[in-house]
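Source file: start-v4.txt. Holds: compact mmCIF, C-alpha atoms and all ligand atoms.
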```txt
# COMPACT_ATOMS: atom_id res chain seq x y z
CA MET R 1 -27.00 -47.25 -30.93
CA LYS R 2 -26.91 -44.66 -28.17
CA ASN R 3 -25.80 -41.19 -29.16
CA GLU R 4 -23.04 -41.01 -26.55
CA ASN R 5 -21.39 -44.23 -27.77
CA ILE R 6 -18.79 -44.67 -30.51
CA LEU R 7 -18.61 -48.46 -30.26
CA GLU R 8 -21.29 -50.89 -29.14
CA VAL R 9 -20.88 -54.62 -28.79
CA THR R 10 -23.88 -56.85 -28.15
CA ASP R 11 -23.79 -60.50 -27.13
CA LEU R 12 -20.41 -61.21 -28.71
CA ARG R 13 -19.54 -64.92 -28.85
CA ILE R 14 -16.24 -66.08 -30.32
CA ARG R 15 -15.13 -69.63 -31.05
CA TYR R 16 -11.86 -71.34 -31.81
CA GLY R 17 -13.17 -74.54 -33.38
CA ASN R 18 -15.27 -76.26 -30.71
CA PHE R 19 -14.01 -74.04 -27.91
CA GLU R 20 -16.06 -70.98 -27.09
CA ALA R 21 -13.49 -68.47 -25.82
CA VAL R 22 -15.96 -65.60 -25.44
CA LYS R 23 -19.42 -66.57 -24.26
CA GLY R 24 -21.62 -63.56 -24.90
CA VAL R 25 -20.32 -60.18 -23.78
CA SER R 26 -21.89 -56.77 -24.27
CA PHE R 27 -20.29 -53.39 -23.72
CA ALA R 28 -20.19 -49.85 -25.02
CA LEU R 29 -17.31 -47.43 -25.44
CA LYS R 30 -18.40 -43.83 -24.96
CA ARG R 31 -17.18 -41.16 -27.35
CA GLY R 32 -14.04 -39.76 -25.70
CA GLY R 33 -14.15 -42.41 -22.99
CA ILE R 34 -11.61 -44.90 -21.72
CA LEU R 35 -13.08 -48.34 -21.09
CA GLY R 36 -11.01 -51.03 -19.41
CA ILE R 37 -11.22 -54.79 -19.78
CA VAL R 38 -9.40 -56.68 -17.05
CA GLY R 39 -9.13 -60.35 -16.27
CA GLU R 40 -6.57 -63.04 -15.76
CA SER R 41 -4.61 -64.75 -18.51
CA GLY R 42 -6.81 -66.77 -20.86
CA SER R 43 -10.07 -65.03 -19.92
CA GLY R 44 -10.59 -63.88 -23.53
CA LYS R 45 -9.44 -60.25 -23.57
CA SER R 46 -7.22 -60.45 -26.64
CA THR R 47 -9.81 -62.56 -28.42
CA VAL R 48 -12.29 -59.70 -28.01
CA ALA R 49 -9.71 -57.13 -29.17
CA ARG R 50 -8.66 -59.13 -32.23
CA THR R 51 -12.27 -59.67 -33.22
CA LEU R 52 -13.04 -55.96 -32.96
CA ILE R 53 -10.31 -55.08 -35.44
CA GLY R 54 -11.37 -57.83 -37.84
CA LEU R 55 -8.71 -60.48 -37.21
CA ASN R 56 -11.22 -63.08 -36.10
CA ARG R 57 -14.12 -64.11 -38.30
CA ASP R 58 -15.74 -66.90 -36.30
CA PHE R 59 -18.03 -64.87 -34.08
CA SER R 60 -21.67 -64.06 -33.53
CA GLY R 61 -23.29 -61.00 -32.04
CA LYS R 62 -23.29 -57.39 -33.10
CA ILE R 63 -20.34 -54.98 -33.38
CA GLU R 64 -21.41 -51.43 -34.20
CA CYS R 65 -18.72 -48.86 -34.69
CA LEU R 66 -18.91 -45.24 -35.82
CA ASP R 67 -15.24 -44.57 -36.46
CA ARG R 68 -11.96 -46.12 -37.49
CA MET R 69 -10.18 -48.37 -34.98
CA ALA R 70 -6.48 -49.05 -34.66
CA MET R 71 -4.67 -51.47 -32.41
CA VAL R 72 -1.75 -50.88 -30.06
CA PHE R 73 -0.12 -54.18 -29.16
CA GLN R 74 1.32 -55.46 -25.90
CA ASP R 75 4.78 -56.25 -27.17
CA ALA R 76 5.90 -52.80 -28.25
CA VAL R 77 9.32 -53.81 -29.52
CA GLY R 78 8.07 -57.00 -31.19
CA SER R 79 5.18 -55.28 -32.94
CA LEU R 80 7.57 -52.98 -34.82
CA ASN R 81 9.48 -54.05 -37.92
CA PRO R 82 13.11 -54.57 -36.81
CA ARG R 83 14.41 -53.70 -40.27
CA MET R 84 12.71 -50.33 -40.58
CA THR R 85 13.57 -46.99 -39.05
CA VAL R 86 10.87 -45.04 -37.26
CA ARG R 87 10.65 -42.70 -40.24
CA GLN R 88 10.11 -45.60 -42.65
CA MET R 89 7.47 -47.18 -40.41
CA LEU R 90 5.51 -43.96 -40.04
CA GLU R 91 5.82 -43.12 -43.75
CA GLU R 92 4.49 -46.54 -44.64
CA VAL R 93 1.34 -46.12 -42.53
CA ILE R 94 0.86 -42.53 -43.72
CA SER R 95 1.08 -43.64 -47.37
CA HIS R 96 -1.65 -46.23 -46.77
CA HIS R 97 -3.92 -43.67 -45.09
CA PRO R 98 -3.63 -40.50 -47.17
CA LYS R 99 -7.14 -39.40 -46.21
CA ALA R 100 -6.08 -39.07 -42.58
CA GLY R 101 -3.74 -36.31 -43.79
CA LEU R 102 -1.38 -36.62 -40.83
CA GLU R 103 2.31 -35.78 -40.98
CA ILE R 104 5.32 -37.08 -39.08
CA PRO R 105 6.10 -33.95 -37.00
CA TYR R 106 2.49 -33.81 -35.78
CA LEU R 107 2.47 -37.51 -34.87
CA LEU R 108 5.77 -37.25 -33.00
CA SER R 109 4.58 -34.24 -31.06
CA LYS R 110 1.37 -36.04 -30.05
CA VAL R 111 3.24 -39.01 -28.61
CA GLY R 112 6.03 -36.99 -27.01
CA LEU R 113 8.96 -38.12 -29.18
CA SER R 114 11.65 -35.92 -30.72
CA GLU R 115 12.70 -36.01 -34.38
CA ALA R 116 15.93 -37.67 -33.25
CA VAL R 117 14.16 -41.06 -33.13
CA LEU R 118 13.26 -40.95 -36.82
CA ALA R 119 16.59 -42.46 -37.90
CA GLN R 120 16.50 -45.18 -35.25
CA TYR R 121 15.60 -48.86 -35.45
CA PRO R 122 13.43 -50.53 -32.77
CA ARG R 123 16.45 -52.19 -31.13
CA GLU R 124 18.01 -48.76 -30.62
CA MET R 125 15.07 -47.49 -28.59
CA SER R 126 13.72 -48.12 -25.07
CA GLY R 127 10.50 -50.07 -24.52
CA GLY R 128 8.67 -46.85 -23.69
CA GLN R 129 9.88 -45.19 -26.89
CA CYS R 130 8.83 -48.21 -28.95
CA GLN R 131 5.37 -48.10 -27.39
CA ARG R 132 5.12 -44.40 -28.29
CA VAL R 133 6.07 -45.25 -31.88
CA SER R 134 3.37 -47.89 -32.00
CA VAL R 135 0.83 -45.37 -30.70
CA ALA R 136 2.02 -42.91 -33.38
CA ARG R 137 1.48 -45.59 -36.03
CA ALA R 138 -2.04 -46.20 -34.77
CA LEU R 139 -2.76 -42.45 -34.86
CA ALA R 140 -1.33 -42.18 -38.40
CA THR R 141 -4.23 -44.31 -39.68
CA GLY R 142 -6.59 -41.51 -38.71
CA ALA R 143 -8.32 -43.80 -36.22
CA ASN R 144 -10.28 -42.14 -33.47
CA ILE R 145 -10.67 -45.36 -31.52
CA LEU R 146 -7.59 -47.05 -30.07
CA ILE R 147 -7.78 -50.67 -28.99
CA ALA R 148 -4.80 -51.09 -26.68
CA ASP R 149 -4.15 -54.73 -25.74
CA GLU R 150 -1.97 -54.71 -22.62
CA PRO R 151 0.03 -51.75 -23.92
CA VAL R 152 2.14 -51.37 -20.81
CA SER R 153 2.59 -54.90 -19.42
CA ALA R 154 6.02 -55.25 -20.98
CA LEU R 155 7.27 -51.94 -19.57
CA ASP R 156 8.92 -50.95 -16.30
CA VAL R 157 6.54 -49.51 -13.75
CA SER R 158 7.88 -45.95 -14.05
CA VAL R 159 7.59 -46.08 -17.85
CA GLN R 160 4.11 -47.61 -17.56
CA ALA R 161 2.85 -44.51 -15.79
CA ARG R 162 4.22 -42.24 -18.50
CA VAL R 163 2.69 -44.27 -21.33
CA LEU R 164 -0.66 -44.37 -19.50
CA ASN R 165 -0.51 -40.60 -19.10
CA LEU R 166 0.04 -40.42 -22.85
CA PHE R 167 -3.28 -42.23 -23.41
CA ARG R 168 -5.01 -39.81 -21.06
CA ASP R 169 -3.47 -36.81 -22.84
CA LEU R 170 -4.53 -38.16 -26.25
CA ARG R 171 -8.06 -38.59 -25.02
CA ARG R 172 -8.11 -35.02 -23.75
CA GLU R 173 -6.32 -33.37 -26.68
CA LEU R 174 -7.68 -35.38 -29.62
CA GLY R 175 -10.92 -36.69 -28.16
CA LEU R 176 -9.83 -40.27 -28.78
CA SER R 177 -11.93 -43.12 -27.42
CA ILE R 178 -9.83 -45.90 -25.95
CA LEU R 179 -10.44 -49.55 -25.09
CA LEU R 180 -7.66 -50.45 -22.68
CA ILE R 181 -6.98 -54.09 -21.93
CA ALA R 182 -4.88 -54.98 -18.91
CA HIS R 183 -4.45 -57.66 -16.33
CA ASP R 184 -3.22 -55.18 -13.75
CA LEU R 185 -6.13 -53.68 -11.84
CA ALA R 186 -4.07 -50.70 -10.73
CA VAL R 187 -3.55 -49.70 -14.38
CA VAL R 188 -7.25 -49.81 -15.13
CA LYS R 189 -8.31 -48.13 -11.93
CA ASN R 190 -6.19 -45.06 -12.51
CA VAL R 191 -6.94 -44.53 -16.17
CA CYS R 192 -10.37 -45.89 -17.09
CA ASP R 193 -13.78 -44.32 -16.55
CA GLU R 194 -15.51 -47.66 -16.83
CA VAL R 195 -14.38 -51.22 -16.36
CA CYS R 196 -15.44 -54.71 -17.44
CA VAL R 197 -13.99 -57.59 -15.43
CA MET R 198 -13.67 -60.74 -17.53
CA GLU R 199 -13.54 -64.31 -16.27
CA ARG R 200 -13.48 -67.32 -18.59
CA GLY R 201 -15.22 -65.64 -21.51
CA LEU R 202 -17.81 -63.70 -19.52
CA PHE R 203 -18.04 -60.29 -17.90
CA VAL R 204 -18.59 -60.72 -14.17
CA ASP R 205 -18.49 -57.05 -13.18
CA VAL R 206 -19.28 -54.00 -15.28
CA GLY R 207 -19.59 -50.38 -14.25
CA ASP R 208 -17.76 -47.16 -13.56
CA SER R 209 -14.28 -47.75 -12.14
CA ASP R 210 -14.99 -46.42 -8.68
CA THR R 211 -18.03 -48.63 -8.21
CA VAL R 212 -16.38 -51.78 -9.52
CA PHE R 213 -13.35 -51.28 -7.32
CA THR R 214 -15.12 -50.20 -4.16
CA ARG R 215 -18.27 -52.35 -4.41
CA PRO R 216 -17.45 -55.34 -6.64
CA GLN R 217 -20.40 -57.60 -7.42
CA SER R 218 -18.51 -60.82 -8.05
CA ASP R 219 -16.24 -62.99 -5.94
CA TYR R 220 -13.83 -63.08 -8.86
CA THR R 221 -13.32 -59.28 -8.77
CA ARG R 222 -12.97 -59.40 -4.98
CA ARG R 223 -10.24 -62.03 -5.37
CA LEU R 224 -8.46 -59.96 -8.04
CA LEU R 225 -8.60 -56.91 -5.78
CA ALA R 226 -7.17 -58.88 -2.89
CA CYS R 227 -4.15 -59.73 -5.06
CA VAL R 228 -3.27 -56.12 -5.85
CA PRO R 229 -0.14 -55.25 -3.89
CA ARG R 230 -0.65 -52.21 -1.72
CA ILE R 231 2.28 -49.95 -1.08
CA ASP R 232 1.43 -49.68 2.61
CA ARG R 233 1.76 -53.46 2.96
CA ILE R 234 5.26 -53.65 1.56
CA SER R 235 7.77 -53.45 4.36
CA PRO R 236 10.91 -51.34 3.95
CA VAL R 237 14.08 -53.14 2.95
N1 LIG B 1 -5.73 -68.99 -31.99
C1 LIG B 1 -6.28 -69.69 -30.99
N2 LIG B 1 -6.70 -70.95 -31.17
C2 LIG B 1 -7.27 -71.67 -30.18
N3 LIG B 1 -7.48 -71.19 -28.94
C3 LIG B 1 -7.09 -69.94 -28.69
C4 LIG B 1 -6.45 -69.12 -29.69
N4 LIG B 1 -6.17 -67.91 -29.15
C5 LIG B 1 -6.58 -67.98 -27.87
N5 LIG B 1 -7.13 -69.17 -27.59
C6 LIG B 1 -7.72 -69.59 -26.30
O1 LIG B 1 -8.79 -68.71 -26.02
C7 LIG B 1 -8.79 -68.34 -24.63
C8 LIG B 1 -8.69 -66.84 -24.50
O2 LIG B 1 -7.42 -66.43 -24.98
P1 LIG B 1 -7.00 -64.89 -25.02
O3 LIG B 1 -5.69 -64.81 -25.71
O4 LIG B 1 -8.12 -64.09 -25.59
O5 LIG B 1 -6.86 -64.56 -23.47
P2 LIG B 1 -6.34 -63.22 -22.76
O6 LIG B 1 -7.36 -62.85 -21.76
O7 LIG B 1 -5.96 -62.22 -23.77
O8 LIG B 1 -5.05 -63.76 -21.98
P3 LIG B 1 -3.63 -63.00 -21.68
O9 LIG B 1 -3.87 -62.12 -20.48
O10 LIG B 1 -2.70 -64.12 -21.38
O11 LIG B 1 -3.25 -62.22 -22.90
C9 LIG B 1 -7.65 -69.11 -23.99
O12 LIG B 1 -8.18 -70.27 -23.42
C10 LIG B 1 -6.74 -69.43 -25.15
O13 LIG B 1 -6.04 -70.63 -24.91
MG MG B 2 -4.15 -61.27 -24.24
```
Write out the structure in this file as structure tokens.
Ligand SMILES: Nc1ncnc2c1ncn2[C@@H]1O[C@H](COP(=O)(O)OP(=O)(O)OP(=O)(O)O)[C@@H](O)[C@H]1O
Ligand SMILES: [Mg+2]
Amino acid sequence: MKNENILEVTDLRIRYGNFEAVKGVSFALKRGGILGIVGESGSGKSTVARTLIGLNRDFSGKIECLDRMAMVFQDAVGSLNPRMTVRQMLEEVISHHPKAGLEIPYLLSKVGLSEAVLAQYPREMSGGQCQRVSVARALATGANILIADEPVSALDVSVQARVLNLFRDLRRELGLSILLIAHDLAVVKNVCDEVCVMERGLFVDVGDSDTVFTRPQSDYTRRLLACVPRIDRISPV
């Protein structure tokens, strides 16, 4: 494993019964880096994410990881327990990860939430606040690698930008390494250092974000790029 990497995946193949959803992908997440995986629905992104955190056993290939991983899910509100307050949810994770030694005020400050949310239930918070709580829960495990599976797709565009900035701040302040899955190229382009473009279980473009977006190797990436709405093409109403 290369010194600069915190996670290395080699020739990962993942099956659901007879169906091979992931057909041999290799990638590396650099320490303190943000790596994006983009691709349309059904291309295998979540299958990769779930396998990395151990939710999928039927795979071959090599997963080498030098630190703890935690997952941030797409559906922020749905991934939180509706019957627990924020305080209860955070205390539960903290009690399961005493070695991480993290406390609620620290976690709240890292994700930009005030103590006022501690008494609230998920239904009493906005989507953006719920996503911040789910990031706080991931941090509470002491993980230094976040696997974020479409963490902003369910949020309004303005809130998306704020949550993405949160990931960037966490990388800078805590040195976190982040695998960011998205189907929106704009999200990946602005936040990730490197990108893998996934089509039907394979990576068809891999490289640093600028290169993949300015000189894509595959027709698939070119087609995805052509679908990205550009502000200058939208006429005023
Ligand atoms: N539990 C499962 N059993 C059988 N097939 C599955 C299962 N989960 C996913 N699949 C199939 O594997 C393929 C990849 O699914 P996956 O959820 O990884 O795609 P994705 O890229 O995350 O899509 P999306 O952008 O919609 O989240 C799809 O064809 C899907 O139908
Ligand atoms: Mg998915």
| task | Record the distance separating atom CA of Val22 of chain R and atom C7 of ligand LIG 1 (chain B), expressed in Å with one decimal. | result |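 Atom C7 of ligand LIG 1 (chain B) lies 7.7 Å from atom CA of Val22 of chain R.
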| message | One decimal, in Å: what's the spacing between atom CA of Ala154 of chain R and atom CA of Gln131 of chain R? | response |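 Taking atom CA of Ala154 of chain R and atom CA of Gln131 of chain R, their separation equals 9.6 Å.
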| request: Would you mind listing what lies within 9 Å of Arg87 of chain R as a ChimeraX atom specification, with all atoms listed in the file counted and same-chain residues fewer than 3 positions away left out? | output: /R:84,90-92,104,117-120
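Picture a line from atom C10 of ligand LIG 1 (chain B) to atom CA of Asp75 of chain R; it runs 17.6 Å.
The residue that comes closest to Val157 of chain R, out of R:Ala186, R:Glu199, R:Cys130, R:Asn144 and on the basis of only C-alpha atoms, is R:Ala186.
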| field | Selection within 12 Å of ligand MG 2 (chain B) by all atoms listed in the file, output as a list in words | value | Ala21, Ile37, Val38, Gly39, Glu40, Ser41, Gly42, Ser43, Gly44, Lys45, Ser46, Thr47, Val48, Ala49, Arg50, Phe73, Gln74, Asp75, Ala148, Asp149, Glu150, Pro151, Ser153, Leu180, Ile181, Ala182, His183 and Met198 of chain R
| task | May I have the residues within 9 Å of Ser218 of chain R as a list of chain:residue names, using all atoms listed in the file and disregarding those fewer than 3 positions away in the same chain? | result | R:Val204, R:Asp205, R:Thr221, R:Arg222, R:Arg223
| task | May I ask which of the residues R:Leu29, R:Val111, R:Ile94, R:Ile145 is the closest one to Met69 of chain R, counting only C-alpha atoms? | result |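 Under the stated criterion, the closest residue is R:Ile145.
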| query | Mind listing as a PyMOL selection string all residues within 10 Å of (-8.3, -47.4, -12.5), counting only C-alpha atoms? | reply | chain R and resi 35-36+184-195+208-210+212-213
Could you work out an axis-aligned box for segment 151-169 of chain R, taking every atom the file lists and adding 4 Å on each side, and report centre and edge lengths in Å to one decimal, as lines of an AutoDock Vina configuration file?
```
center_x = 2.0
center_y = -46.0
center_z = -18.8
size_x = 21.9
size_y = 26.4
size_z = 18.2
```
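Checking R:Leu55, R:Cys227, R:Leu108, R:Val93 one by one against ligand LIG 1 (chain B), counting all atoms listed in the file, you find the shortest gap at R:Leu55.
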| request: Do a neighbour search on Ser134 of chain R at 9 Å with all atoms listed in the file, toss out local chain neighbours closer than 6 positions, and write the hits as a VMD selection string. | output: chain R and resid 71 to 73 76 to 77 79 to 80
| said: Using only C-alpha atoms, can you tell me which of R:Arg57, R:Ala143, R:Phe203, R:Val135 comes closest to Gln217 of chain R? | reply: R:Phe203
| R:Arg215, R:Lys23, R:Arg15, R:Arg123: which is nearest Asn81 of chain R, counting all atoms listed in the file? |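 Closest to Asn81 of chain R of all the choices is R:Arg123.
Between Tyr106 of chain R and the candidates R:Glu64, R:Ile178, R:Phe27, R:Ala136, the tightest atom-to-atom separation, counting all atoms listed in the file, involves R:Ala136.
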